[in-house]
Each structure stands twice: as structure tokens, then as C-alpha cells.
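Q: Input file: upload14.pdb. Contents: PDB, C-alpha atoms.
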ATOM      1  CA  VAL A  13       0.000   0.000   0.000
ATOM      2  CA  ARG A  14       1.318   3.404  -0.958
ATOM      3  CA  GLY A  15       0.230   6.803   0.149
ATOM      4  CA  THR A  16       1.241  10.405   0.012
ATOM      5  CA  HIS A  17       1.135  12.661   3.019
ATOM      6  CA  PHE A  18       1.437  16.423   3.064
ATOM      7  CA  VAL A  19       2.442  18.334   6.160
ATOM      8  CA  SER A  20       1.831  22.054   6.472
ATOM      9  CA  LEU A  21       3.169  23.947   9.452
ATOM     10  CA  GLU A  22       1.177  27.150   9.236
ATOM     11  CA  ALA A  23      -0.430  29.267  11.914
ATOM     12  CA  ALA A  24      -4.073  28.245  12.396
ATOM     13  CA  ALA A  25      -5.381  31.588  11.100
ATOM     14  CA  GLU A  26      -3.453  31.173   7.825
ATOM     15  CA  ALA A  27      -3.622  27.400   7.377
ATOM     16  CA  ALA A  28      -6.663  27.244   5.070
ATOM     17  CA  ALA A  29      -5.014  29.620   2.594
ATOM     18  CA  HIS A  30      -2.276  26.997   2.186
ATOM     19  CA  TRP A  31      -4.050  23.640   2.452
ATOM     20  CA  ARG A  32      -7.156  24.455   0.335
ATOM     21  CA  PRO A  33      -5.170  25.139  -2.865
ATOM     22  CA  LEU A  34      -2.908  22.156  -2.108
ATOM     23  CA  MET A  35      -5.950  19.948  -1.610
ATOM     24  CA  ASP A  36      -7.407  21.081  -4.938
ATOM     25  CA  SER A  37      -4.167  20.420  -6.804
ATOM     26  CA  VAL A  38      -3.873  16.924  -5.313
ATOM     27  CA  PHE A  39      -7.492  15.757  -5.558
ATOM     28  CA  ALA A  40      -8.827  17.726  -8.540
ATOM     29  CA  LYS A  41      -6.134  17.452 -11.136
ATOM     30  CA  PRO A  42      -7.010  18.765 -14.608
ATOM     31  CA  VAL A  43      -8.112  16.318 -17.259
ATOM     32  CA  LEU A  44      -5.832  16.394 -20.274
ATOM     33  CA  SER A  45      -7.272  16.264 -23.785
ATOM     34  CA  PHE A  46      -5.414  15.630 -27.005
ATOM     35  CA  SER A  47      -6.197  16.257 -30.649
ATOM     36  CA  SER A  48      -4.814  14.889 -33.876
ATOM     37  CA  SER A  49      -3.127  18.202 -34.652
ATOM     38  CA  ALA A  50       0.263  17.957 -36.296
ATOM     39  CA  ALA A  51       1.569  20.924 -34.309
ATOM     40  CA  VAL A  52       4.968  20.215 -32.820
ATOM     41  CA  GLY A  53       6.340  21.795 -29.692
ATOM     42  CA  ARG A  54       4.938  22.887 -26.417
ATOM     43  CA  ARG A  55       2.316  25.567 -26.348
ATOM     44  CA  GLU A  56       0.633  26.917 -23.252
ATOM     45  CA  VAL A  57      -2.619  28.769 -23.683
ATOM     46  CA  SER A  58      -5.048  30.130 -21.151
ATOM     47  CA  PHE A  59      -8.626  30.456 -22.208
ATOM     48  CA  LEU A  60      -9.260  32.911 -19.388
ATOM     49  CA  ALA A  61      -9.085  36.617 -20.130
ATOM     50  CA  ASN A  62      -7.703  37.241 -16.617
ATOM     51  CA  PRO A  63      -6.767  34.979 -13.721
ATOM     52  CA  LEU A  64      -9.660  33.916 -11.525
ATOM     53  CA  PRO A  65      -9.776  35.264  -7.979
ATOM     54  CA  ALA A  66      -7.685  33.106  -5.619
ATOM     55  CA  ASN A  67     -10.823  31.708  -3.958
ATOM     56  CA  VAL A  68     -12.657  30.703  -7.164
ATOM     57  CA  GLN A  69     -12.190  27.576  -9.242
ATOM     58  CA  ILE A  70     -13.722  26.309 -12.485
ATOM     59  CA  MET A  71     -15.203  22.945 -11.517
ATOM     60  CA  THR A  72     -16.788  22.118 -14.868
ATOM     61  CA  LEU A  73     -16.438  23.407 -18.406
ATOM     62  CA  GLN A  74     -18.251  20.985 -20.685
ATOM     63  CA  THR A  75     -19.584  21.397 -24.216
ATOM     64  CA  LEU A  76     -23.271  20.453 -24.356
ATOM     65  CA  SER A  77     -23.910  21.523 -27.971
ATOM     66  CA  PRO A  78     -22.068  23.583 -30.596
ATOM     67  CA  THR A  79     -23.416  26.785 -28.994
ATOM     68  CA  THR A  80     -23.824  25.761 -25.344
ATOM     69  CA  VAL A  81     -21.361  25.005 -22.581
ATOM     70  CA  LEU A  82     -21.924  24.003 -18.983
ATOM     71  CA  LEU A  83     -19.861  26.173 -16.650
ATOM     72  CA  ARG A  84     -19.695  25.435 -12.944
ATOM     73  CA  LEU A  85     -17.785  27.854 -10.693
ATOM     74  CA  SER A  86     -17.056  27.235  -7.043
ATOM     75  CA  HIS A  87     -15.879  29.264  -4.083
ATOM     76  CA  GLN A  88     -13.103  27.276  -2.452
ATOM     77  CA  PHE A  89     -13.181  28.513   1.145
ATOM     78  CA  GLY A  90     -15.678  28.071   3.964
ATOM     79  CA  ILE A  91     -17.026  30.694   6.341
ATOM     80  CA  GLY A  92     -14.257  31.855   8.672
ATOM     81  CA  GLU A  93     -11.501  29.662   7.195
ATOM     82  CA  ASP A  94      -9.460  32.657   6.074
ATOM     83  CA  PRO A  95      -9.908  36.375   6.864
ATOM     84  CA  ALA A  96      -9.710  37.413   3.195
ATOM     85  CA  LEU A  97     -10.324  34.287   1.095
ATOM     86  CA  SER A  98     -13.563  33.311   2.890
ATOM     87  CA  LYS A  99     -15.303  36.497   1.778
ATOM     88  CA  PRO A 100     -17.858  36.517  -1.054
ATOM     89  CA  VAL A 101     -16.344  37.175  -4.463
ATOM     90  CA  GLN A 102     -17.769  38.477  -7.728
ATOM     91  CA  VAL A 103     -17.019  37.109 -11.197
ATOM     92  CA  ASP A 104     -18.017  38.878 -14.415
ATOM     93  CA  LEU A 105     -19.115  36.107 -16.795
ATOM     94  CA  SER A 106     -18.945  38.420 -19.832
ATOM     95  CA  LYS A 107     -15.213  38.969 -19.264
ATOM     96  CA  LEU A 108     -14.271  35.487 -18.077
ATOM     97  CA  PHE A 109     -12.920  33.941 -21.290
ATOM     98  CA  ASP A 110     -10.472  35.370 -23.823
ATOM     99  CA  PRO A 111     -12.338  35.546 -27.165
ATOM    100  CA  SER A 112      -9.070  35.205 -29.117
ATOM    101  CA  THR A 113      -8.311  31.765 -27.616
ATOM    102  CA  ALA A 114     -11.673  30.440 -26.463
ATOM    103  CA  PHE A 115     -15.127  31.914 -26.872
ATOM    104  CA  THR A 116     -17.325  34.751 -25.711
ATOM    105  CA  ILE A 117     -20.306  34.272 -23.442
ATOM    106  CA  HIS A 118     -23.277  35.998 -25.074
ATOM    107  CA  ASN A 119     -25.945  34.745 -22.706
ATOM    108  CA  ALA A 120     -26.171  32.680 -19.541
ATOM    109  CA  LYS A 121     -28.834  31.136 -17.349
ATOM    110  CA  GLU A 122     -28.383  29.733 -13.886
ATOM    111  CA  VAL A 123     -29.476  26.151 -13.342
ATOM    112  CA  SER A 124     -29.384  23.623 -10.531
ATOM    113  CA  LEU A 125     -26.121  21.957  -9.597
ATOM    114  CA  THR A 126     -27.201  18.879 -11.565
ATOM    115  CA  ASN A 127     -28.248  20.979 -14.590
ATOM    116  CA  ASN A 128     -31.760  19.564 -14.708
ATOM    117  CA  GLN A 129     -33.770  22.576 -13.457
ATOM    118  CA  ASP A 130     -33.716  26.310 -14.118
ATOM    119  CA  LYS A 131     -33.108  28.439 -11.047
ATOM    120  CA  GLU A 132     -36.410  30.220 -11.687
ATOM    121  CA  ALA A 133     -38.327  26.939 -11.217
ATOM    122  CA  ILE A 134     -36.359  26.192  -8.059
ATOM    123  CA  LEU A 135     -37.188  29.620  -6.634
ATOM    124  CA  LYS A 136     -40.909  29.118  -7.312
ATOM    125  CA  ARG A 137     -40.886  25.836  -5.373
ATOM    126  CA  ARG A 138     -38.824  27.433  -2.612
ATOM    127  CA  ALA A 139     -41.353  30.267  -2.275
ATOM    128  CA  LYS A 140     -44.169  27.731  -2.008
ATOM    129  CA  ALA A 141     -42.258  25.765   0.638
ATOM    130  CA  ALA A 142     -41.546  28.986   2.563
ATOM    131  CA  SER A 143     -45.238  29.220   3.343
ATOM    132  CA  TRP A 144     -44.814  26.267   5.707
ATOM    133  CA  ASN A 145     -44.788  27.581   9.241
ATOM    134  CA  THR A 146     -41.934  26.009  11.175
ATOM    135  CA  GLY A 147     -41.949  28.569  13.970
ATOM    136  CA  GLN A 148     -38.313  29.446  13.181
ATOM    137  CA  PRO A 149     -37.137  32.442  11.131
ATOM    138  CA  ALA A 150     -35.262  31.529   7.957
ATOM    139  CA  HIS A 151     -31.513  32.107   8.107
ATOM    140  CA  VAL A 152     -30.271  33.959   5.022
ATOM    141  CA  HIS A 153     -26.602  34.671   4.445
ATOM    142  CA  PRO A 154     -26.025  38.354   3.644
ATOM    143  CA  TRP A 155     -24.321  37.709   0.285
ATOM    144  CA  ARG A 156     -27.120  35.501  -1.035
ATOM    145  CA  GLN A 157     -29.881  36.987  -3.072
ATOM    146  CA  GLN A 158     -32.352  34.151  -2.688
ATOM    147  CA  ASP A 159     -34.972  35.449  -5.091
ATOM    148  CA  LYS A 160     -32.649  36.774  -7.783
ATOM    149  CA  VAL A 161     -32.450  34.984 -11.122
ATOM    150  CA  LEU A 162     -29.388  35.783 -13.239
ATOM    151  CA  ASP A 163     -30.230  38.316 -15.958
ATOM    152  CA  PHE A 164     -27.046  38.168 -18.024
ATOM    153  CA  LYS A 165     -28.000  41.055 -20.332
ATOM    154  CA  ALA A 166     -28.672  43.409 -17.400
ATOM    155  CA  ASP A 167     -25.818  42.284 -15.119
ATOM    156  CA  PRO A 168     -23.397  39.454 -16.032
ATOM    157  CA  VAL A 169     -21.718  39.525 -12.601
ATOM    158  CA  ILE A 170     -22.337  36.643 -10.194
ATOM    159  CA  THR A 171     -21.510  36.536  -6.505
ATOM    160  CA  LEU A 172     -20.155  33.372  -4.923
ATOM    161  CA  GLY A 173     -20.325  33.043  -1.147
ATOM    162  CA  PRO A 174     -18.163  30.698   0.925
ATOM    163  CA  LEU A 175     -18.218  27.130  -0.460
ATOM    164  CA  GLU A 176     -20.977  28.088  -2.912
ATOM    165  CA  ILE A 177     -21.199  26.483  -6.346
ATOM    166  CA  LYS A 178     -23.036  28.068  -9.260
ATOM    167  CA  THR A 179     -23.923  26.261 -12.479
TER     168      THR A 179
END
Is it possible to express this structure as C-alpha cells?
A:
Amino acid sequence: VRGTHFVSLEAAAEAAAHWRPLMDSVFAKPVLSFSSSAAVGRREVSFLANPLPANVQIMTLQTLSPTTVLLRLSHQFGIGEDPALSKPVQVDLSKLFDPSTAFTIHNAKEVSLTNNQDKEAILKRRAKAASWNTGQPAHVHPWRQQDKVLDFKADPVITLGPLEIKT
């Protein structure tokens, strides 16, 4: 049996800033794809127009049709794990990819994590369920806009809260 162990000797307040990225690089390695191109030599290309914020990661980028891709972004830090990296972060979807190397996002709609329901349908069911009286007030995180559906044309910026995933 073989194993790999990583030891990080950081102060508790700064530890998550070191072990979260390490964890992602160890357990979520990129999937390599190859083509039949005859190009020789090494070429490195980033499809991103700018680097992502340090606390955001692309979890999924999958072609669904010639004009549609599934993009899943995730916030990598939990509440209180790091003084700076645990804060909500905004990502402008219209400026995410470099059009000279990848593509341009012209429209976007938010769907469930499993990509089988529009967020609008989820919010309608959530509003209906909210009418149930549990005797407890609902806890809403300040960065979450529970009833907001992404309107890409009006505002292509999304906000990701700690450990939040948006599809």
C-alpha cells in the first residue's frame, strides 16, 4: 500500500489559505485532452481573459452543444476559514474567457447543480415551501440573493459566497 502525506506547518489563522489550494491540486487534477493536430512543440494557452480570484475555481467546463457550454464555478473557502479568502467574491461572466483563444459568453442562465432545473423553477418551489410555518425564522446569508435569477444582459456579474457552487 502506498500513500502520500502532506504536512503544512502554518499558523491556524493562515492554514486554510495553504491547504485548500494544495488539496485542490492533489485531488482535482485537470483532465488532459489531445487532438490529432500535427503541431509540434509545447504551447501553453489560457482560455481565461484574466486569472480567476484566488478563492474561485472552475469545476466544470463541458460542451453540451455547438453553442452551449456548462460552466460550474465554485468558491473554495468556507465561512471563517481565512480572513480574506472566505469572503464573497464576484465574477463577471462576460469577461471570463479570452475571445481570441476560447469563446465569448453571449448569454447565460443559472441552473441547478445537476443541470436539470432552471433556477427560476427552483425559486418558485422554494417560495411555495416557505409558506410552511416552522416557527423558526429563515436564516439567510447576507451575500445571497435568494430570489434573484441571473439576468445576463442586465448584469453578467455573479456573486459566490463561501463554499458556494453556481452552475
Q: Using the chain letters and numbers from this file, what does the PyMOL selection byres ((chain A and resi 85) around 12) select? Give the answer as a PyMOL selection string.
A: chain A and resi 64-65+67-73+82-84+86-88+101-105+108+122+125+170-179
Q: When you look at A:Met35 with a cut-off of 12 Å (counting only C-alpha atoms), what residues show up, excluding the ones that are within fewer than 5 positions of it in the same chain? I need them as a count of residues only.
A: 12
Q: Which one of A:Gly92, A:Val123, A:Thr113, A:Arg137 sits closest to A:Glu56 if you count only C-alpha atoms?
A: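 Selected residue with least distance to A:Glu56: A:Thr113.
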Q: For the structure shown, which residues end up in the PyMOL selection byres ((chain A and resi 162) around 12)? Put them as a list in words, please?
A: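 Applied to this file, the PyMOL selection byres ((chain A and resi 162) around 12) selects Asp104, Leu105, Asn119, Ala120, Lys121, Glu122, Val123, Asp130, Lys131, Glu132, Leu135, Gln157, Gln158, Asp159, Lys160, Val161, Asp163, Phe164, Lys165, Ala166, Asp167, Pro168, Val169, Ile170, Thr171, Lys178 and Thr179 of chain A.
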Q: Go ahead and compute the interatomic distance for atom CA of A:Gly15 and atom CA of A:Glu93, in Å to one decimal.
A: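 For atom CA of A:Gly15 relative to atom CA of A:Glu93, the distance reads 26.6 Å.
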Q: What is the distance between atom CA of A:Thr75 and atom CA of A:Leu34, in Å to one decimal?
A: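 Result for atom CA of A:Thr75 versus atom CA of A:Leu34: 27.7 Å, one decimal.
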Q: Using atom CA of A:Val81 and atom CA of A:Ala139 as the two end points, give the distance in Å to one decimal.
A: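 Computed distance, atom CA of A:Val81 to atom CA of A:Ala139, equals 29.0 Å.
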Q: Applied to the shown file, which residues does the PyMOL selection byres ((chain A and resi 115) around 12) return, written as JSON, numbers by chain?
A: {"A": [58, 59, 60, 61, 75, 78, 79, 80, 81, 105, 106, 107, 108, 109, 110, 111, 112, 113, 114, 116, 117, 118, 119]}
Q: Taking the structure I provided as the source, export stretch 18-33 of chain A with all heavy atoms, as an mmCIF file, in the first residue's frame.
A:
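As written to disk, result31.cif reads:
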data_model
loop_
_atom_site.group_PDB
_atom_site.id
_atom_site.type_symbol
_atom_site.label_atom_id
_atom_site.label_comp_id
_atom_site.auth_asym_id
_atom_site.auth_seq_id
_atom_site.Cartn_x
_atom_site.Cartn_y
_atom_site.Cartn_z
ATOM 1 N N PHE A 18 0.969 15.053 3.142
ATOM 2 C CA PHE A 18 1.437 16.423 3.064
ATOM 3 C C PHE A 18 1.357 17.023 4.459
ATOM 4 O O PHE A 18 0.354 16.876 5.140
ATOM 5 C CB PHE A 18 0.562 17.241 2.099
ATOM 6 C CG PHE A 18 0.666 16.782 0.672
ATOM 7 C CD1 PHE A 18 -0.128 15.752 0.202
ATOM 8 C CD2 PHE A 18 1.561 17.376 -0.193
ATOM 9 C CE1 PHE A 18 -0.035 15.313 -1.102
ATOM 10 C CE2 PHE A 18 1.669 16.951 -1.511
ATOM 11 C CZ PHE A 18 0.865 15.918 -1.966
ATOM 12 N N VAL A 19 2.408 17.693 4.852
ATOM 13 C CA VAL A 19 2.442 18.334 6.160
ATOM 14 C C VAL A 19 2.614 19.833 5.941
ATOM 15 O O VAL A 19 3.515 20.266 5.217
ATOM 16 C CB VAL A 19 3.603 17.789 7.026
ATOM 17 C CG1 VAL A 19 3.662 18.520 8.360
ATOM 18 C CG2 VAL A 19 3.447 16.301 7.231
ATOM 19 N N SER A 20 1.757 20.603 6.569
ATOM 20 C CA SER A 20 1.831 22.054 6.472
ATOM 21 C C SER A 20 1.935 22.619 7.876
ATOM 22 O O SER A 20 1.101 22.331 8.726
ATOM 23 C CB SER A 20 0.584 22.590 5.773
ATOM 24 O OG SER A 20 0.600 23.990 5.755
ATOM 25 N N LEU A 21 2.941 23.398 8.116
ATOM 26 C CA LEU A 21 3.169 23.947 9.452
ATOM 27 C C LEU A 21 2.874 25.450 9.434
ATOM 28 O O LEU A 21 3.768 26.278 9.543
ATOM 29 C CB LEU A 21 4.608 23.680 9.902
ATOM 30 C CG LEU A 21 5.023 22.209 9.901
ATOM 31 C CD1 LEU A 21 6.497 22.057 10.207
ATOM 32 C CD2 LEU A 21 4.178 21.425 10.900
ATOM 33 N N GLU A 22 1.614 25.756 9.299
ATOM 34 C CA GLU A 22 1.177 27.150 9.236
ATOM 35 C C GLU A 22 0.437 27.507 10.510
ATOM 36 O O GLU A 22 -0.111 26.644 11.193
ATOM 37 C CB GLU A 22 0.229 27.350 8.037
ATOM 38 C CG GLU A 22 0.737 26.834 6.717
ATOM 39 C CD GLU A 22 2.018 27.500 6.247
ATOM 40 O OE1 GLU A 22 2.244 28.679 6.583
ATOM 41 O OE2 GLU A 22 2.807 26.844 5.563
ATOM 42 N N ALA A 23 0.388 28.799 10.798
ATOM 43 C CA ALA A 23 -0.430 29.267 11.914
ATOM 44 C C ALA A 23 -1.884 28.952 11.597
ATOM 45 O O ALA A 23 -2.301 28.977 10.428
ATOM 46 C CB ALA A 23 -0.238 30.762 12.104
ATOM 47 N N ALA A 24 -2.677 28.650 12.603
ATOM 48 C CA ALA A 24 -4.073 28.245 12.396
ATOM 49 C C ALA A 24 -4.857 29.259 11.583
ATOM 50 O O ALA A 24 -5.650 28.891 10.716
ATOM 51 C CB ALA A 24 -4.744 28.016 13.746
ATOM 52 N N ALA A 25 -4.631 30.543 11.809
ATOM 53 C CA ALA A 25 -5.381 31.588 11.100
ATOM 54 C C ALA A 25 -5.049 31.628 9.613
ATOM 55 O O ALA A 25 -5.853 32.090 8.809
ATOM 56 C CB ALA A 25 -5.104 32.951 11.729
ATOM 57 N N GLU A 26 -3.885 31.124 9.229
ATOM 58 C CA GLU A 26 -3.453 31.173 7.825
ATOM 59 C C GLU A 26 -3.441 29.800 7.161
ATOM 60 O O GLU A 26 -3.123 29.677 5.985
ATOM 61 C CB GLU A 26 -2.042 31.767 7.759
ATOM 62 C CG GLU A 26 -1.943 33.152 8.356
ATOM 63 C CD GLU A 26 -0.515 33.517 8.712
ATOM 64 O OE1 GLU A 26 0.401 32.707 8.455
ATOM 65 O OE2 GLU A 26 -0.317 34.602 9.273
ATOM 66 N N ALA A 27 -3.763 28.764 7.891
ATOM 67 C CA ALA A 27 -3.622 27.400 7.377
ATOM 68 C C ALA A 27 -4.495 27.115 6.165
ATOM 69 O O ALA A 27 -4.038 26.510 5.191
ATOM 70 C CB ALA A 27 -3.920 26.402 8.493
ATOM 71 N N ALA A 28 -5.758 27.552 6.182
ATOM 72 C CA ALA A 28 -6.663 27.244 5.070
ATOM 73 C C ALA A 28 -6.165 27.835 3.758
ATOM 74 O O ALA A 28 -6.346 27.241 2.694
ATOM 75 C CB ALA A 28 -8.067 27.745 5.376
ATOM 76 N N ALA A 29 -5.539 28.993 3.810
ATOM 77 C CA ALA A 29 -5.014 29.620 2.594
ATOM 78 C C ALA A 29 -3.925 28.761 1.951
ATOM 79 O O ALA A 29 -3.661 28.876 0.755
ATOM 80 C CB ALA A 29 -4.468 31.010 2.903
ATOM 81 N N HIS A 30 -3.317 27.875 2.718
ATOM 82 C CA HIS A 30 -2.276 26.997 2.186
ATOM 83 C C HIS A 30 -2.811 25.611 1.838
ATOM 84 O O HIS A 30 -2.494 25.057 0.795
ATOM 85 C CB HIS A 30 -1.125 26.873 3.194
ATOM 86 C CG HIS A 30 -0.409 28.158 3.414
ATOM 87 N ND1 HIS A 30 0.540 28.639 2.555
ATOM 88 C CD2 HIS A 30 -0.535 29.093 4.386
ATOM 89 C CE1 HIS A 30 0.978 29.804 2.980
ATOM 90 N NE2 HIS A 30 0.337 30.102 4.099
ATOM 91 N N TRP A 31 -3.636 25.017 2.717
ATOM 92 C CA TRP A 31 -4.050 23.640 2.452
ATOM 93 C C TRP A 31 -5.197 23.528 1.464
ATOM 94 O O TRP A 31 -5.311 22.516 0.788
ATOM 95 C CB TRP A 31 -4.331 22.860 3.724
ATOM 96 C CG TRP A 31 -5.432 23.336 4.629
ATOM 97 C CD1 TRP A 31 -5.291 24.054 5.770
ATOM 98 C CD2 TRP A 31 -6.833 23.093 4.489
ATOM 99 N NE1 TRP A 31 -6.511 24.290 6.346
ATOM 100 C CE2 TRP A 31 -7.481 23.704 5.575
ATOM 101 C CE3 TRP A 31 -7.614 22.428 3.548
ATOM 102 C CZ2 TRP A 31 -8.852 23.686 5.741
ATOM 103 C CZ3 TRP A 31 -8.984 22.401 3.720
ATOM 104 C CH2 TRP A 31 -9.587 23.021 4.805
ATOM 105 N N ARG A 32 -6.075 24.540 1.342
ATOM 106 C CA ARG A 32 -7.156 24.455 0.335
ATOM 107 C C ARG A 32 -6.606 24.351 -1.079
ATOM 108 O O ARG A 32 -6.967 23.445 -1.828
ATOM 109 C CB ARG A 32 -8.092 25.651 0.433
ATOM 110 C CG ARG A 32 -9.169 25.529 1.422
ATOM 111 C CD ARG A 32 -10.359 24.752 0.883
ATOM 112 N NE ARG A 32 -11.355 24.756 1.934
ATOM 113 C CZ ARG A 32 -12.325 23.905 2.039
ATOM 114 N NH1 ARG A 32 -12.461 22.948 1.169
ATOM 115 N NH2 ARG A 32 -13.170 23.971 3.022
ATOM 116 N N PRO A 33 -5.723 25.274 -1.507
ATOM 117 C CA PRO A 33 -5.170 25.139 -2.865
ATOM 118 C C PRO A 33 -4.377 23.846 -3.056
ATOM 119 O O PRO A 33 -4.434 23.229 -4.121
ATOM 120 C CB PRO A 33 -4.271 26.369 -3.012
ATOM 121 C CG PRO A 33 -4.791 27.347 -2.020
ATOM 122 C CD PRO A 33 -5.312 26.522 -0.877
#
